file my_file_10.cif (mmCIF, C-alpha atoms)
data_coords
loop_
_atom_site.group_PDB
_atom_site.id
_atom_site.type_symbol
_atom_site.label_atom_id
_atom_site.label_comp_id
_atom_site.auth_asym_id
_atom_site.auth_seq_id
_atom_site.Cartn_x
_atom_site.Cartn_y
_atom_site.Cartn_z
ATOM 1 C CA MET A 1 29.633 70.688 34.367
ATOM 2 C CA THR A 2 32.938 69.937 32.722
ATOM 3 C CA GLN A 3 33.489 66.772 30.800
ATOM 4 C CA GLN A 4 36.531 64.698 31.547
ATOM 5 C CA THR A 5 38.230 62.761 28.805
ATOM 6 C CA PRO A 6 39.490 59.399 29.996
ATOM 7 C CA HIS A 7 43.267 59.410 30.240
ATOM 8 C CA ARG A 8 45.276 56.582 28.725
ATOM 9 C CA SER A 9 45.461 54.908 32.140
ATOM 10 C CA GLU A 10 41.655 55.174 32.343
ATOM 11 C CA ALA A 11 40.966 53.825 28.852
ATOM 12 C CA LEU A 12 37.710 51.969 28.457
ATOM 13 C CA ASP A 13 37.931 48.208 28.482
ATOM 14 C CA SER A 14 35.715 46.079 26.237
ATOM 15 C CA ILE A 15 32.968 45.782 28.874
ATOM 16 C CA ASP A 16 32.851 49.549 29.452
ATOM 17 C CA ARG A 17 32.714 50.098 25.684
ATOM 18 C CA ARG A 18 29.783 47.677 25.398
ATOM 19 C CA ILE A 19 27.997 49.409 28.292
ATOM 20 C CA VAL A 20 28.429 52.816 26.656
ATOM 21 C CA ALA A 21 27.253 51.428 23.303
ATOM 22 C CA GLU A 22 24.142 49.845 24.825
ATOM 23 C CA LEU A 23 23.236 52.977 26.798
ATOM 24 C CA SER A 24 23.737 55.176 23.733
ATOM 25 C CA ARG A 25 21.202 52.993 21.896
ATOM 26 C CA ASP A 26 18.732 53.133 24.778
ATOM 27 C CA GLY A 27 19.443 55.326 27.800
ATOM 28 C CA ARG A 28 16.378 53.920 29.558
ATOM 29 C CA LEU A 29 17.760 50.398 29.890
ATOM 30 C CA SER A 30 17.349 48.926 33.335
ATOM 31 C CA VAL A 31 20.520 47.786 35.059
ATOM 32 C CA ARG A 32 19.195 44.243 34.819
ATOM 33 C CA THR A 33 18.731 44.415 31.044
ATOM 34 C CA LEU A 34 22.081 46.156 30.613
ATOM 35 C CA ALA A 35 23.802 43.438 32.644
ATOM 36 C CA GLU A 36 22.147 40.724 30.532
ATOM 37 C CA ARG A 37 23.186 42.365 27.268
ATOM 38 C CA VAL A 38 26.784 42.882 28.406
ATOM 39 C CA HIS A 39 26.956 39.466 30.157
ATOM 40 C CA ILE A 40 27.930 40.701 33.622
ATOM 41 C CA SER A 41 26.169 40.730 36.996
ATOM 42 C CA ARG A 42 23.704 43.464 37.898
ATOM 43 C CA THR A 43 26.021 44.651 40.658
ATOM 44 C CA ALA A 44 28.950 44.876 38.239
ATOM 45 C CA ALA A 45 26.800 46.729 35.687
ATOM 46 C CA HIS A 46 25.592 49.189 38.319
ATOM 47 C CA ASN A 47 29.125 49.809 39.615
ATOM 48 C CA ARG A 48 30.553 50.256 36.127
ATOM 49 C CA VAL A 49 27.836 52.758 35.137
ATOM 50 C CA GLN A 50 28.533 54.731 38.312
ATOM 51 C CA GLN A 51 32.276 54.737 37.566
ATOM 52 C CA LEU A 52 31.656 55.811 33.956
ATOM 53 C CA GLN A 53 29.588 58.717 35.288
ATOM 54 C CA LYS A 54 32.255 59.700 37.852
ATOM 55 C CA ARG A 55 34.927 59.638 35.141
ATOM 56 C CA GLY A 56 32.850 61.875 32.867
ATOM 57 C CA VAL A 57 32.393 59.236 30.173
ATOM 58 C CA ILE A 58 28.623 59.193 30.705
ATOM 59 C CA THR A 59 27.574 62.806 31.082
ATOM 60 C CA GLY A 60 23.815 62.383 31.259
ATOM 61 C CA PHE A 61 20.719 60.626 29.999
ATOM 62 C CA GLY A 62 18.109 62.251 27.816
ATOM 63 C CA ALA A 63 15.433 61.857 25.193
ATOM 64 C CA GLN A 64 16.123 62.222 21.483
ATOM 65 C CA ILE A 65 13.665 64.708 20.030
ATOM 66 C CA ASP A 66 12.434 64.982 16.442
ATOM 67 C CA ARG A 67 12.872 68.660 15.467
ATOM 68 C CA LYS A 68 9.895 68.691 13.091
ATOM 69 C CA ALA A 69 7.601 67.103 15.660
ATOM 70 C CA ILE A 70 8.192 70.098 17.945
ATOM 71 C CA GLY A 71 7.743 72.636 15.169
ATOM 72 C CA LEU A 72 11.328 73.264 14.032
ATOM 73 C CA HIS A 73 10.813 72.672 10.313
ATOM 74 C CA ILE A 74 13.937 74.243 8.833
ATOM 75 C CA SER A 75 17.584 73.790 9.774
ATOM 76 C CA ALA A 76 20.861 75.206 8.566
ATOM 77 C CA LEU A 77 24.562 74.894 9.136
ATOM 78 C CA VAL A 78 25.941 78.368 9.690
ATOM 79 C CA VAL A 79 29.646 78.874 9.063
ATOM 80 C CA VAL A 80 31.016 81.711 11.193
ATOM 81 C CA ARG A 81 34.297 83.607 11.008
ATOM 82 C CA ILE A 82 35.214 85.584 14.089
ATOM 83 C CA GLY A 83 37.613 88.455 14.636
ATOM 84 C CA ASP A 84 40.123 89.021 17.360
ATOM 85 C CA VAL A 85 37.892 87.748 20.174
ATOM 86 C CA SER A 86 38.023 84.821 22.549
ATOM 87 C CA TRP A 87 36.477 81.703 21.022
ATOM 88 C CA GLU A 88 35.139 80.613 24.409
ATOM 89 C CA GLU A 89 33.451 83.965 24.994
ATOM 90 C CA ILE A 90 31.742 84.192 21.606
ATOM 91 C CA ALA A 91 30.866 80.480 21.583
ATOM 92 C CA ALA A 92 29.128 80.849 24.946
ATOM 93 C CA LYS A 93 27.092 83.785 23.599
ATOM 94 C CA LEU A 94 26.190 81.924 20.404
ATOM 95 C CA ALA A 95 25.129 78.828 22.356
ATOM 96 C CA LYS A 96 22.607 80.908 24.330
ATOM 97 C CA LEU A 97 20.840 82.243 21.229
ATOM 98 C CA PRO A 98 17.353 80.978 20.398
ATOM 99 C CA PHE A 99 17.325 78.153 17.823
ATOM 100 C CA VAL A 100 21.089 77.433 18.095
ATOM 101 C CA GLU A 101 21.432 73.694 18.739
ATOM 102 C CA LYS A 102 25.172 73.194 18.511
ATOM 103 C CA VAL A 103 28.340 75.316 18.418
ATOM 104 C CA GLN A 104 31.520 73.669 17.140
ATOM 105 C CA ALA A 105 35.046 75.034 16.759
ATOM 106 C CA VAL A 106 36.585 73.845 13.503
ATOM 107 C CA SER A 107 39.927 74.049 11.763
ATOM 108 C CA GLY A 108 40.632 75.717 8.448
ATOM 109 C CA ASP A 109 39.611 79.105 7.151
ATOM 110 C CA ILE A 110 36.455 79.247 9.265
ATOM 111 C CA ASP A 111 36.168 79.304 13.031
ATOM 112 C CA ILE A 112 32.768 78.001 14.078
ATOM 113 C CA ILE A 113 29.973 75.895 12.646
ATOM 114 C CA LEU A 114 26.517 76.289 14.149
ATOM 115 C CA THR A 115 23.512 74.035 13.749
ATOM 116 C CA VAL A 116 20.439 76.257 13.794
ATOM 117 C CA SER A 117 16.813 75.084 13.587
ATOM 118 C CA ALA A 118 13.719 77.286 13.469
ATOM 119 C CA PRO A 119 9.990 76.996 12.817
ATOM 120 C CA ASP A 120 10.128 78.715 9.420
ATOM 121 C CA HIS A 121 12.330 80.574 6.917
ATOM 122 C CA GLU A 122 11.530 83.973 8.387
ATOM 123 C CA GLN A 123 12.577 83.050 11.915
ATOM 124 C CA LEU A 124 15.675 81.240 10.633
ATOM 125 C CA SER A 125 16.641 84.349 8.645
ATOM 126 C CA GLN A 126 16.155 86.560 11.667
ATOM 127 C CA ALA A 127 18.238 84.234 13.859
ATOM 128 C CA ILE A 128 21.078 84.240 11.334
ATOM 129 C CA LEU A 129 20.989 87.871 10.197
ATOM 130 C CA ARG A 130 20.016 89.640 13.409
ATOM 131 C CA ASP A 131 21.261 87.420 16.212
ATOM 132 C CA ILE A 132 24.327 85.701 14.763
ATOM 133 C CA HIS A 133 25.657 87.903 11.951
ATOM 134 C CA ASP A 134 25.296 91.127 13.935
ATOM 135 C CA MET A 135 26.936 89.759 17.096
ATOM 136 C CA PRO A 136 30.044 91.761 18.034
ATOM 137 C CA GLY A 137 33.130 89.760 17.078
ATOM 138 C CA VAL A 138 31.475 87.974 14.148
ATOM 139 C CA ILE A 139 33.190 88.926 10.878
ATOM 140 C CA SER A 140 31.056 86.902 8.483
ATOM 141 C CA THR A 141 28.539 84.104 8.203
ATOM 142 C CA ARG A 142 27.633 81.706 5.429
ATOM 143 C CA SER A 143 24.521 79.553 5.701
ATOM 144 C CA HIS A 144 23.740 76.170 4.207
ATOM 145 C CA LEU A 145 20.155 74.892 4.442
ATOM 146 C CA ILE A 146 19.836 71.266 5.449
ATOM 147 C CA LEU A 147 17.642 69.664 2.788
ATOM 148 C CA ALA A 148 17.709 66.084 4.039
ATOM 149 C CA GLU A 149 19.258 64.275 6.953
ATOM 150 C CA LEU A 150 20.047 60.652 7.707
ATOM 151 C CA GLU A 151 21.224 59.336 11.035
ATOM 152 C CA GLY A 152 24.577 57.602 11.002
ATOM 153 C CA ARG A 153 26.074 55.492 13.714
ATOM 154 C CA PRO A 154 26.854 57.684 16.736
ATOM 155 C CA PRO A 155 30.433 57.305 17.997
ATOM 156 C CA ALA A 156 29.331 55.762 21.279
ATOM 157 C CA GLN A 157 27.559 52.990 19.391
ATOM 158 C CA SER A 158 30.796 52.164 17.578
ATOM 159 C CA LEU A 159 32.615 51.602 20.863
ATOM 160 C CA ASP A 160 31.448 47.996 21.006
ATOM 161 C CA ILE A 161 33.300 47.198 17.771
ATOM 162 C CA TRP A 162 36.644 48.726 18.802
ATOM 163 C CA ARG A 163 39.493 46.354 19.305
ATOM 164 C CA SER A 164 41.384 46.581 22.559
#
call {"tool": "encode", "arguments": {"input": "my_file_10.cif", "output": "structure tokens"}}
result
Amino acid sequence: MTQQTPHRSEALDSIDRRIVAELSRDGRLSVRTLAERVHISRTAAHNRVQQLQKRGVITGFGAQIDRKAIGLHISALVVVRIGDVSWEEIAAKLAKLPFVEKVQAVSGDIDIILTVSAPDHEQLSQAILRDIHDMPGVISTRSHLILAELEGRPPAQSLDIWRS
């Protein structure tokens, strides 16, 4: 499924921004509760959520999972430099590897940053050294263990403070 970025003519108004912010805080909100929080009718809330989905602003609803609670006790950011290969092709392969949570293209002297989580050091090492580092097209990797992590304010939750 491809995501669509709203075009300037489809920019979010203040109500849409508040809807997105509320749903990013709690994707299980009922339409009734959402409407109350945003101060619009239930019908308007329902229609706006449907339109936000059609436009690709809302791409899905899901649970947030604690890595450690499911046995993924160690995480790392893996910086990857690639050779003369298609970013899309290698990114798709990296995204399918076990323990790879996120693949991001970045600017600068590196090409990709991966977030990798595993049950223990041994499995993390194997994922990085065997699966990622040895992948054809990968020139080098550099790993940084995540020692502590704090949640910030997700971008969607900042939408309700934007000025139109």
call {"tool": "residues_around", "arguments": {"input": "my_file_10.cif", "residues": "Glu149 in chain A", "least_positions_apart": "4", "cutoff": "12 Å", "atoms": "only C-alpha atoms", "output": "list in words"}}
result
Asp66, Arg67, Ile74, Ser75, Ala76 and Leu145 of chain A
call {"tool": "residues_around", "arguments": {"input": "my_file_10.cif", "residues": "Thr115 in chain A", "least_positions_apart": "3", "cutoff": "7 Å", "atoms": "all atoms listed in the file", "output": "VMD selection string"}}
result
chain A and resid 76 to 78 100 to 103
call {"tool": "atom_distance", "arguments": {"input": "my_file_10.cif", "atom1": "CA of Ile113 in chain A", "atom2": "CA of Pro98 in chain A"}}
result
15.7 Å
call {"tool": "atom_distance", "arguments": {"input": "my_file_10.cif", "atom1": "CA of Pro154 in chain A", "atom2": "CA of Val79 in chain A"}}
result
22.7 Å
call {"tool": "residues_around", "arguments": {"input": "my_file_10.cif", "residues": "range 124-131 of chain A", "least_positions_apart": "3", "cutoff": "8 Å", "atoms": "only C-alpha atoms", "output": "list in words"}}
result
Ile74, Ser75, Val78, Leu97, Pro98, Phe99, Val116, Ser117, Ala118, Pro119, Asp120, His121, Asp134 and Met135 of chain A
call {"tool": "resolve_selection", "arguments": {"input": "my_file_10.cif", "expression": "the PyMOL selection byres ((chain A and resi 32) around 10)", "output": "list of chain:residue names"}}
result
A:Leu29, A:Ser30, A:Val31, A:Thr33, A:Leu34, A:Ala35, A:Glu36, A:Arg37, A:Ile40, A:Ser41, A:Arg42, A:Thr43, A:Ala45, A:His46
call {"tool": "closest_residue", "arguments": {"input": "my_file_10.cif", "among": "A:Leu12, A:Ile82, A:Val20, A:Ile146", "to": "Thr59 in chain A", "atoms": "all atoms listed in the file"}}
result
A:Val20
call {"tool": "residues_around", "arguments": {"input": "my_file_10.cif", "residues": "Asp111 in chain A", "least_positions_apart": "2", "cutoff": "9 Å", "atoms": "all atoms listed in the file", "output": "PyMOL selection string"}}
result
chain A and resi 79-82+87+104-109+113
call {"tool": "write_last_selection", "arguments": {"input": "my_file_10.cif", "atoms": "C-alpha atoms", "output": "short mmCIF file (atom, residue, chain, number, x, y, z; two decimals), in the frame of the given file"}}
result
data_model
loop_
_atom_site.label_atom_id
_atom_site.label_comp_id
_atom_site.auth_asym_id
_atom_site.auth_seq_id
_atom_site.Cartn_x
_atom_site.Cartn_y
_atom_site.Cartn_z
CA VAL A 79 29.65 78.87 9.06
CA VAL A 80 31.02 81.71 11.19
CA ARG A 81 34.30 83.61 11.01
CA ILE A 82 35.21 85.58 14.09
CA TRP A 87 36.48 81.70 21.02
CA GLN A 104 31.52 73.67 17.14
CA ALA A 105 35.05 75.03 16.76
CA VAL A 106 36.58 73.84 13.50
CA SER A 107 39.93 74.05 11.76
CA GLY A 108 40.63 75.72 8.45
CA ASP A 109 39.61 79.10 7.15
CA ILE A 113 29.97 75.90 12.65
#
call {"tool": "resolve_selection", "arguments": {"input": "my_file_10.cif", "expression": "the PyMOL selection byres ((chain A and resi 62) around 12)", "output": "list of chain:residue names"}}
result
A:Leu23, A:Ser24, A:Arg25, A:Asp26, A:Gly27, A:Arg28, A:Ile58, A:Thr59, A:Gly60, A:Phe61, A:Ala63, A:Gln64, A:Ile65
call {"tool": "atom_distance", "arguments": {"input": "my_file_10.cif", "atom1": "CA of Glu151 in chain A", "atom2": "CA of Lys68 in chain A"}}
result
14.8 Å
call {"tool": "closest_residue", "arguments": {"input": "my_file_10.cif", "among": "A:Ala11, A:Ala69, A:Val138, A:Ile19", "to": "Lys93 in chain A", "atoms": "all atoms listed in the file"}}
result
A:Val138
call {"tool": "closest_residue", "arguments": {"input": "my_file_10.cif", "among": "A:Val38, A:Gly137, A:Gln53, A:Leu72", "to": "Leu94 in chain A", "atoms": "all atoms listed in the file"}}
result
A:Gly137
call {"tool": "closest_residue", "arguments": {"input": "my_file_10.cif", "among": "A:Gly152, A:Pro136, A:Gly56, A:Gly83", "to": "Ile112 in chain A", "atoms": "only C-alpha atoms"}}
result
A:Gly83
